[in-house]
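**Q** One file: final-v8.cif (mmCIF, C-alpha atoms and all ligand atoms).
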data_final
loop_
_atom_site.label_atom_id
_atom_site.label_comp_id
_atom_site.auth_asym_id
_atom_site.auth_seq_id
_atom_site.Cartn_x
_atom_site.Cartn_y
_atom_site.Cartn_z
CA MET A 193 145.70 56.90 29.59
CA GLY A 194 143.61 59.86 28.38
CA VAL A 195 144.25 62.06 25.33
CA ILE A 196 146.16 64.72 27.28
CA ALA A 197 148.72 62.21 28.54
CA ARG A 198 148.96 60.44 25.18
CA TYR A 199 149.39 63.55 23.01
CA ARG A 200 150.64 66.13 25.50
CA GLU A 201 153.33 67.58 23.17
CA HIS A 202 150.70 68.35 20.52
CA LEU A 203 148.25 70.01 22.91
CA PRO A 204 148.09 73.49 24.47
CA VAL A 205 148.82 72.18 27.97
CA GLY A 206 151.64 72.99 30.39
CA PRO A 207 152.77 72.32 33.95
CA ALA A 208 149.99 74.57 35.30
CA THR A 209 147.25 72.64 33.50
CA PRO A 210 145.44 70.34 35.94
CA ASP A 211 145.34 66.60 35.22
CA VAL A 212 141.92 65.61 33.98
CA ASP A 213 140.91 62.38 32.29
CA LEU A 214 138.29 59.70 31.99
CA ASN A 215 140.58 57.49 29.88
CA GLU A 216 139.02 58.98 26.75
CA GLY A 217 140.45 58.38 23.26
CA SER A 218 142.46 55.37 22.05
CA THR A 219 139.27 54.07 20.44
CA PRO A 220 139.34 51.06 18.12
CA LEU A 221 139.94 51.40 14.39
CA VAL A 222 137.90 48.43 13.29
CA PRO A 223 138.58 46.95 9.83
CA SER A 224 135.39 46.24 7.92
CA ARG A 225 134.67 42.53 7.54
CA ASN A 226 131.62 42.60 5.33
CA ILE A 227 130.62 46.01 4.01
CA GLY A 228 134.02 46.67 2.42
CA ARG A 229 133.97 43.29 0.69
CA THR A 230 130.45 43.84 -0.62
CA LEU A 231 131.39 47.27 -1.95
CA GLY A 232 134.68 46.02 -3.39
CA LEU A 233 136.70 48.29 -1.11
CA SER A 234 139.81 46.51 0.12
CA ARG A 235 140.72 48.91 2.91
CA LEU A 236 137.70 50.20 4.79
CA TYR A 237 137.91 51.02 8.51
CA PHE A 238 135.54 52.32 11.16
CA LYS A 239 136.89 54.61 13.89
CA TYR A 240 134.50 53.65 16.67
CA GLU A 241 134.20 56.79 18.77
CA GLY A 242 131.12 55.43 20.54
CA LEU A 243 133.55 53.68 22.89
CA ASN A 244 134.60 56.93 24.53
CA PRO A 245 133.59 57.25 28.21
CA THR A 246 130.35 59.14 27.53
CA GLY A 247 129.70 57.36 24.25
CA SER A 248 130.83 59.94 21.69
CA PHE A 249 133.91 61.70 20.28
CA LYS A 250 133.07 64.81 22.30
CA ASP A 251 135.14 63.55 25.26
CA ARG A 252 138.40 64.18 23.39
CA GLY A 253 137.84 67.91 23.08
CA MET A 254 135.96 68.28 26.33
CA VAL A 255 138.80 66.96 28.48
CA VAL A 256 141.18 69.58 27.07
CA ALA A 257 138.60 72.39 27.29
CA VAL A 258 137.81 71.46 30.89
CA ALA A 259 141.49 71.27 31.89
CA LYS A 260 142.16 74.69 30.33
CA ALA A 261 139.03 76.26 31.87
CA LEU A 262 140.08 74.97 35.31
CA GLU A 263 143.59 76.30 34.72
CA SER A 264 142.18 79.75 34.08
CA GLY A 265 140.05 79.60 37.24
CA SER A 266 136.56 78.96 35.81
CA ARG A 267 134.10 77.29 38.14
CA VAL A 268 130.97 77.31 35.94
CA PHE A 269 130.79 75.63 32.53
CA MET A 270 128.08 76.07 29.95
CA CYS A 271 127.22 74.73 26.52
CA ALA A 272 124.41 74.44 24.01
CA SER A 273 123.99 70.96 22.64
CA THR A 274 122.12 68.48 20.49
CA GLY A 275 122.94 66.05 23.32
CA ASN A 276 126.43 64.61 23.15
CA THR A 277 128.36 67.75 24.03
CA SER A 278 126.13 68.24 27.06
CA ALA A 279 126.62 64.63 28.21
CA SER A 280 130.38 65.00 27.89
CA MET A 281 130.64 68.40 29.55
CA ALA A 282 128.44 67.26 32.42
CA ALA A 283 130.64 64.19 33.01
CA TYR A 284 133.92 66.13 33.16
CA ALA A 285 132.31 68.84 35.32
CA ALA A 286 131.13 66.13 37.72
CA ARG A 287 134.60 64.62 37.81
CA THR A 288 136.29 67.92 38.54
CA GLY A 289 133.63 69.28 40.92
CA VAL A 290 132.45 72.34 39.02
CA ARG A 291 128.99 73.58 38.06
CA ALA A 292 127.59 72.50 34.68
CA ILE A 293 124.74 74.21 32.86
CA VAL A 294 123.54 72.77 29.59
CA VAL A 295 121.05 74.33 27.22
CA VAL A 296 119.33 71.94 24.82
CA PRO A 297 116.67 72.59 22.20
CA SER A 298 113.41 71.62 23.91
CA GLY A 299 112.06 68.25 22.79
CA GLU A 300 114.78 67.80 20.19
CA ILE A 301 117.42 65.63 21.86
CA ALA A 302 117.62 61.87 22.35
CA LEU A 303 116.41 60.73 25.78
CA ASN A 304 119.56 58.81 26.67
CA LYS A 305 121.75 61.87 26.09
CA LEU A 306 119.46 63.93 28.29
CA SER A 307 119.58 61.23 30.97
CA GLN A 308 123.39 61.36 30.94
CA ALA A 309 123.50 65.12 31.55
CA LEU A 310 120.94 64.77 34.35
CA MET A 311 122.71 61.82 35.98
CA TYR A 312 126.08 63.60 35.93
CA GLY A 313 124.33 66.37 37.85
CA ALA A 314 124.18 69.19 35.34
CA LYS A 315 121.51 71.85 35.44
CA VAL A 316 119.60 71.22 32.23
CA VAL A 317 117.61 73.94 30.51
CA ALA A 318 115.34 72.85 27.65
CA LEU A 319 115.08 76.06 25.65
CA LYS A 320 112.27 76.67 23.20
CA GLY A 321 113.74 76.88 19.71
CA ASN A 322 116.35 74.93 17.78
CA PHE A 323 120.05 74.22 18.45
CA ASP A 324 121.23 77.31 16.55
CA PHE A 325 119.14 79.54 18.83
CA ALA A 326 120.39 77.68 21.92
CA LEU A 327 124.01 78.27 20.85
CA GLU A 328 123.34 81.94 20.10
CA THR A 329 121.79 82.33 23.56
CA VAL A 330 124.69 80.57 25.30
CA ARG A 331 127.26 82.66 23.41
CA ASP A 332 125.39 85.82 24.40
CA LEU A 333 125.19 84.82 28.08
CA THR A 334 128.80 83.65 28.39
CA SER A 335 130.06 86.90 26.87
CA HIS A 336 128.41 88.83 29.71
CA TYR A 337 128.96 86.58 32.74
CA SER A 338 131.93 84.75 34.11
CA VAL A 339 130.83 81.39 32.76
CA ALA A 340 133.12 79.31 30.53
CA LEU A 341 131.75 78.60 27.04
CA MET A 342 132.40 74.93 26.28
CA ASN A 343 131.06 74.61 22.73
CA SER A 344 133.48 73.87 19.90
CA VAL A 345 133.89 77.61 19.25
CA ASN A 346 136.23 77.16 22.23
CA PRO A 347 139.55 76.38 20.48
CA HIS A 348 140.59 73.92 23.20
CA ARG A 349 137.75 71.65 22.09
CA ILE A 350 139.15 71.55 18.56
CA ALA A 351 142.66 70.94 19.92
CA GLY A 352 141.49 67.88 21.83
CA GLN A 353 139.37 66.50 19.00
CA LYS A 354 142.27 66.54 16.55
CA THR A 355 143.83 63.65 18.53
CA ALA A 356 141.50 61.25 16.68
CA ALA A 357 143.40 62.07 13.47
CA PHE A 358 146.70 61.34 15.27
CA GLU A 359 145.41 57.95 16.42
CA ILE A 360 144.38 56.97 12.90
CA VAL A 361 147.80 57.87 11.49
CA ASP A 362 149.60 56.16 14.39
CA GLU A 363 147.63 52.98 13.73
CA LEU A 364 147.70 52.92 9.90
CA GLY A 365 151.27 54.19 9.67
CA ASP A 366 150.11 57.04 7.42
CA ALA A 367 147.03 59.13 6.69
CA PRO A 368 144.16 57.36 4.89
CA ASP A 369 143.08 58.43 1.40
CA TYR A 370 139.58 59.37 2.57
CA LEU A 371 138.36 60.44 5.99
CA MET A 372 134.57 60.41 6.14
CA LEU A 373 132.50 61.91 8.95
CA PRO A 374 129.17 63.59 9.75
CA VAL A 375 129.06 67.39 9.79
CA GLY A 376 126.78 69.29 12.17
CA ASN A 377 128.25 72.32 13.89
CA ALA A 378 131.41 71.51 11.89
CA GLY A 379 133.89 71.46 14.77
CA ASN A 380 134.94 67.87 14.20
CA ILE A 381 135.80 68.14 10.50
CA THR A 382 137.78 71.28 11.39
CA ALA A 383 139.60 69.38 14.14
CA TYR A 384 140.44 66.30 12.04
CA TRP A 385 141.82 68.47 9.25
CA LYS A 386 143.95 70.39 11.76
CA GLY A 387 145.21 67.09 13.21
CA PHE A 388 146.14 65.61 9.84
CA ARG A 389 147.91 68.81 8.78
CA GLU A 390 149.86 69.04 12.04
CA TYR A 391 150.98 65.42 11.88
CA HIS A 392 151.95 65.86 8.24
CA ALA A 393 153.97 68.98 9.10
CA ALA A 394 155.66 67.09 11.94
CA GLY A 395 156.69 64.33 9.52
CA ARG A 396 154.40 61.72 11.07
CA ALA A 397 152.40 61.25 7.85
CA THR A 398 153.54 61.44 4.25
CA ARG A 399 150.20 62.54 2.84
CA LEU A 400 146.89 64.19 3.66
CA PRO A 401 143.46 62.61 3.29
CA ARG A 402 140.55 63.92 1.29
CA MET A 403 137.98 65.12 3.83
CA VAL A 404 134.48 63.91 3.04
CA GLY A 405 131.64 65.28 5.15
CA ALA A 406 128.03 64.14 5.27
CA GLN A 407 125.08 66.32 6.23
CA ALA A 408 121.43 65.29 6.43
CA GLU A 409 119.33 66.54 3.55
CA GLY A 410 116.99 68.57 5.77
CA ALA A 411 119.92 70.14 7.63
CA ALA A 412 122.54 70.72 4.95
CA PRO A 413 123.51 74.41 5.06
CA ILE A 414 127.09 73.81 3.93
CA VAL A 415 125.92 71.76 0.96
CA THR A 416 123.33 74.31 -0.15
CA GLY A 417 125.49 77.31 0.78
CA SER A 418 122.99 79.06 3.03
CA PRO A 419 121.72 78.68 6.62
CA VAL A 420 118.65 76.49 7.14
CA PRO A 421 116.14 78.24 9.46
CA ASN A 422 114.27 75.05 10.47
CA PRO A 423 116.64 72.10 10.13
CA LYS A 424 114.94 68.70 10.07
CA THR A 425 116.40 65.20 10.21
CA VAL A 426 116.04 61.98 12.16
CA ALA A 427 119.75 62.40 13.04
CA SER A 428 119.13 64.83 15.92
CA ALA A 429 122.88 65.17 16.67
CA ILE A 430 123.40 67.01 13.38
CA ARG A 431 120.07 68.86 13.23
CA ILE A 432 121.90 72.17 12.83
CA GLY A 433 121.07 74.98 10.39
CA ASN A 434 123.90 77.45 10.89
CA PRO A 435 127.18 75.73 11.89
CA ALA A 436 129.56 77.71 14.08
CA SER A 437 132.65 76.31 12.31
CA TRP A 438 131.24 76.72 8.79
CA GLU A 439 134.51 78.15 7.47
CA GLY A 440 136.59 75.43 9.08
CA ALA A 441 134.48 72.86 7.23
CA THR A 442 134.72 74.52 3.82
CA SER A 443 138.50 75.02 4.25
CA ALA A 444 138.93 71.34 5.15
CA ARG A 445 136.86 70.34 2.12
CA ASP A 446 138.58 72.68 -0.34
CA GLU A 447 142.18 72.38 0.88
CA SER A 448 141.96 68.57 0.93
CA GLY A 449 140.18 68.21 -2.41
CA GLY A 450 137.27 66.54 -0.63
CA MET A 451 133.53 67.14 -0.55
CA ILE A 452 130.55 67.73 1.70
CA ALA A 453 127.31 66.20 0.47
CA ALA A 454 123.83 65.48 1.79
CA VAL A 455 122.11 62.14 2.38
CA THR A 456 118.43 61.50 3.06
CA ASP A 457 117.01 60.23 6.36
CA THR A 458 116.04 57.00 4.61
CA GLU A 459 119.64 56.49 3.48
CA ILE A 460 120.90 57.26 7.00
CA LEU A 461 118.61 54.75 8.70
CA SER A 462 119.31 52.01 6.20
CA ALA A 463 123.08 52.57 6.54
CA GLN A 464 122.67 52.40 10.34
CA ILE A 465 120.90 49.03 10.16
CA ARG A 466 123.37 47.64 7.63
CA LEU A 467 126.31 48.69 9.79
CA ALA A 468 124.82 47.07 12.89
CA GLY A 469 123.58 43.96 11.10
CA SER A 470 126.67 43.23 9.01
CA GLU A 471 129.56 44.56 11.07
CA GLY A 472 128.30 44.33 14.66
CA LEU A 473 128.77 48.07 15.12
CA PHE A 474 125.79 50.00 16.50
CA ALA A 475 126.23 53.71 15.90
CA GLU A 476 123.73 56.54 16.25
CA PRO A 477 121.93 57.88 13.15
CA ALA A 478 124.26 60.89 12.67
CA SER A 479 127.23 58.51 12.62
CA ALA A 480 125.64 56.48 9.83
CA ALA A 481 125.40 59.53 7.53
CA PRO A 482 128.98 59.22 6.15
CA LEU A 483 128.45 55.50 5.54
CA ALA A 484 125.27 56.31 3.61
CA LEU A 485 127.34 58.75 1.57
CA LEU A 486 130.01 56.10 0.98
CA PHE A 487 127.36 53.73 -0.43
CA ARG A 488 126.32 56.44 -2.85
CA LEU A 489 129.90 57.31 -3.88
CA VAL A 490 130.59 53.65 -4.62
CA ARG A 491 127.36 53.40 -6.66
CA GLU A 492 128.39 56.47 -8.63
CA ARG A 493 131.95 55.12 -9.00
CA LYS A 494 133.35 58.23 -7.34
CA ILE A 495 135.71 56.43 -4.98
CA ASP A 496 138.90 54.58 -5.79
CA LYS A 497 138.43 50.94 -4.72
CA ASP A 498 142.05 50.46 -3.63
CA ALA A 499 141.93 53.55 -1.43
CA THR A 500 142.17 53.44 2.35
CA THR A 501 138.93 54.85 3.70
CA VAL A 502 138.16 55.61 7.34
CA VAL A 503 134.54 56.25 8.35
CA VAL A 504 134.24 57.92 11.74
CA LEU A 505 131.40 56.48 13.85
CA THR A 506 130.99 59.52 16.08
CA GLY A 507 128.53 58.21 18.67
CA SER A 508 127.15 54.97 20.12
CA GLY A 509 123.85 53.59 18.89
CA LEU A 510 122.78 53.26 22.53
CA LYS A 511 122.47 57.05 22.62
CA ASP A 512 119.27 57.04 20.59
CA PRO A 513 117.58 53.63 20.42
CA ASP A 514 114.17 55.16 19.61
CA ALA A 515 115.36 56.35 16.21
CA ALA A 516 116.81 52.93 15.39
CA LEU A 517 114.02 50.72 16.71
CA LYS A 518 111.44 52.12 14.31
CA ASN A 519 113.13 50.14 11.55
CA VAL A 520 113.58 46.69 13.04
CA GLU A 521 111.16 43.89 13.85
CA PRO A 522 109.93 43.98 17.45
CA PRO A 523 110.75 41.07 19.81
CA ILE A 524 108.57 37.95 19.56
CA GLU A 525 106.24 37.80 22.58
CA LEU A 526 105.98 34.20 23.72
CA ASP A 527 104.40 32.27 26.57
CA GLY A 528 105.68 28.71 26.20
CA ASP A 529 108.42 26.09 26.61
CA ALA A 530 111.44 24.98 24.54
CA ARG A 531 109.22 23.05 22.10
CA THR A 532 106.95 25.99 21.33
CA LEU A 533 110.00 28.24 21.12
CA ALA A 534 111.65 25.92 18.60
CA LYS A 535 108.42 25.83 16.59
CA VAL A 536 108.12 29.62 16.52
CA LEU A 537 111.76 29.82 15.38
CA LYS A 538 111.15 27.17 12.69
CA LEU A 539 114.18 25.18 13.88
N1 LIG B 601 128.05 63.01 15.37
C1 LIG B 601 127.55 63.09 16.60
C2 LIG B 601 127.18 61.83 17.29
C3 LIG B 601 127.39 64.37 17.21
O1 LIG B 601 126.90 64.44 18.44
C4 LIG B 601 127.75 65.52 16.50
C5 LIG B 601 127.60 66.84 17.09
C6 LIG B 601 128.27 65.36 15.22
C7 LIG B 601 128.41 64.09 14.69
C8 LIG B 601 128.71 66.51 14.39
O2 LIG B 601 129.91 67.03 14.85
O3 LIG B 601 129.12 69.33 15.32
O4 LIG B 601 131.54 68.78 15.23
O5 LIG B 601 130.17 68.80 13.16
N2 LIG B 601 127.02 67.08 18.19
C9 LIG B 601 127.00 68.37 18.85
C10 LIG B 601 126.42 68.25 20.25
C11 LIG B 601 126.46 69.49 18.06
O6 LIG B 601 125.89 69.23 20.79
O7 LIG B 601 126.52 67.17 20.82
P1 LIG B 601 130.22 68.58 14.62
#
Here is a file; write its structure as structure tokens.
Ligand code: F0G

**A**
Amino acid sequence: MGVIARYREHLPVGPATPDVDLNEGSTPLVPSRNIGRTLGLSRLYFKYEGLNPTGSFKDRGMVVAVAKALESGSRVFMCASTGNTSASMAAYAARTGVRAIVVVPSGEIALNKLSQALMYGAKVVALKGNFDFALETVRDLTSHYSVALMNSVNPHRIAGQKTAAFEIVDELGDAPDYLMLPVGNAGNITAYWKGFREYHAAGRATRLPRMVGAQAEGAAPIVTGSPVPNPKTVASAIRIGNPASWEGATSARDESGGMIAAVTDTEILSAQIRLAGSEGLFAEPASAAPLALLFRLVRERKIDKDATTVVVLTGSGLKDPDAALKNVEPPIELDGDARTLAKVLKL
């Protein structure tokens, strides 16, 4: 079952909306086995969004945006992307038989994300400049041509993405105390906050979480309070200097009594390795940013140890192995038999 079928009554869909799904959503909420214990946190969970059909949370919003665009008669979809949005849009366009055009910042996106968009048959334009310029260009073009804009400025994307908040409440029986996630273009933090508020208003949760967002230090406009002209970070998914949903993010932060803070690339990569090596969860660098922030909050004693904390792992580590592999030992090259192998392994 996809998110439209599962949460139909909470989504802007009706009898005229076509059925679209790739069985997205319903991702595992994995309790921490080791990191929580080491930090002294009794209730730490990871929402593993990398298990969505195209490997990131983007599928939740994309399925709704695609269904609504088809309902209104669109036959050409377009987006700007740091990689995951383009992979997702291209997949749903392929599935529904419409044209997909993706605009990515040239040389700035992970190869596996690019390969997804190409395999799903999208027309891929690698535009000189950064993501912010790509989005500006796509917004300009889609306002003049009959091409559907599929970035998260499209409210149907936010509507679909809020279902992740519903799933967390449905599984925990209430909202967590802290919801931690990476912030790039800021659509997802906006969507989660909307989801938690809607469920709370509907009586499905008795409380609201504090929303805690993580940006990368070289791409932290919301933290510093002004756009970053040349954003830089190893976490290419959130290499964004002027987020489209800036206000949504600051409202989520302020209304929930949460925070948005920056972490360094070194902290991100070490959190990524620790997550993979101690929990068996391989997430992409952007997804490790909130975990890096959690480590810091625990060090600074800024988090209540009995609190229920959910860290959203937004995308699969398989999206961007190059970024991860720089920090692990390479394989052992060996030409030999079981005895030499045992010797090399010091068994
Ligand atoms: N994590 C991953 C893996 C992402 O791909 C993104 C955004 C984010 C976090 C941040 O989410 O933008 O809603 O604040 N990726 C977009 C893209 C920009 O084009 O794929 P956000």

**Q** In the coordinates of the file, take the point (139.0, 47.7, 15.2) and a cut-off of 10 Å; then, counting all atoms listed in the file, name each qualifying protein, DNA or RNA residue as a list in words.

**A**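 The residues near that point, listed by chain and number, are Thr219, Pro220, Leu221, Val222, Pro223, Ser224, Tyr237, Phe238, Lys239 and Tyr240 of chain A.
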
**Q** To check your reading of the model: which residues sit at most 7 Å from ligand LIG 601 (chain B) when counting all atoms listed in the file? Write the answer as a list in words.

**A**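 Taking all atoms listed in the file into account, the residues around ligand LIG 601 (chain B) at most 7 Å away are Ser248, Ala272, Ser273, Thr274, Gly275, Asn276, Thr277, Ser278, Pro374, Val375, Gly376, Asn377, Ala378, Gly379, Asn380, Ile381, Ala429, Ile430, Glu476, Ala478, Ser479, Thr506 and Gly507 of chain A.
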
**Q** Please, which residues are within 9 Å of (134.8, 51.2, 22.4) by the file's coordinates, counting all atoms listed in the file, and could they come as a list of chain:residue names?

**A**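 The residues that fall inside the cut-off are A:Ser218, A:Thr219, A:Pro220, A:Tyr240, A:Glu241, A:Gly242, A:Leu243, A:Asn244, A:Pro245, A:Gly247, A:Ser508.
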
**Q** Atoms to include: C-alpha atoms. Write the selected residues as a compact mmCIF listing (two decimals), in the frame of the given file.

**A**
# COMPACT_ATOMS: atom_id res chain seq x y z
CA SER A 218 142.46 55.37 22.05
CA THR A 219 139.27 54.07 20.44
CA PRO A 220 139.34 51.06 18.12
CA TYR A 240 134.50 53.65 16.67
CA GLU A 241 134.20 56.79 18.77
CA GLY A 242 131.12 55.43 20.54
CA LEU A 243 133.55 53.68 22.89
CA ASN A 244 134.60 56.93 24.53
CA PRO A 245 133.59 57.25 28.21
CA GLY A 247 129.70 57.36 24.25
CA SER A 508 127.15 54.97 20.12

**Q** Quick one: residues within 8 Å of Ile432 (chain A), all atoms listed in the file, excluding same-chain residues fewer than 5 positions away - as number ranges by chain?

**A** A: 322-324, 376-377, 411, 420, 423

**Q** Write out, as a tab-separated table, each residue of region 301-391 of chain A that has an atom at most 8 Å from region 200-217 of chain A, together with the closest pair of atoms and their distance in Å to one decimal, counting all atoms listed in the file, rows going by chain and rising number.

**A**
residue	atom	partner	partner_atom	distance
A:His348	CA	A:Pro204	CA	7.6
A:Ala351	CA	A:Leu203	CA	6.4
A:Gly352	CA	A:Leu203	CA	7.2
A:Thr355	CA	A:Gly217	CA	7.8
A:Ala356	CA	A:Gly217	CA	7.3
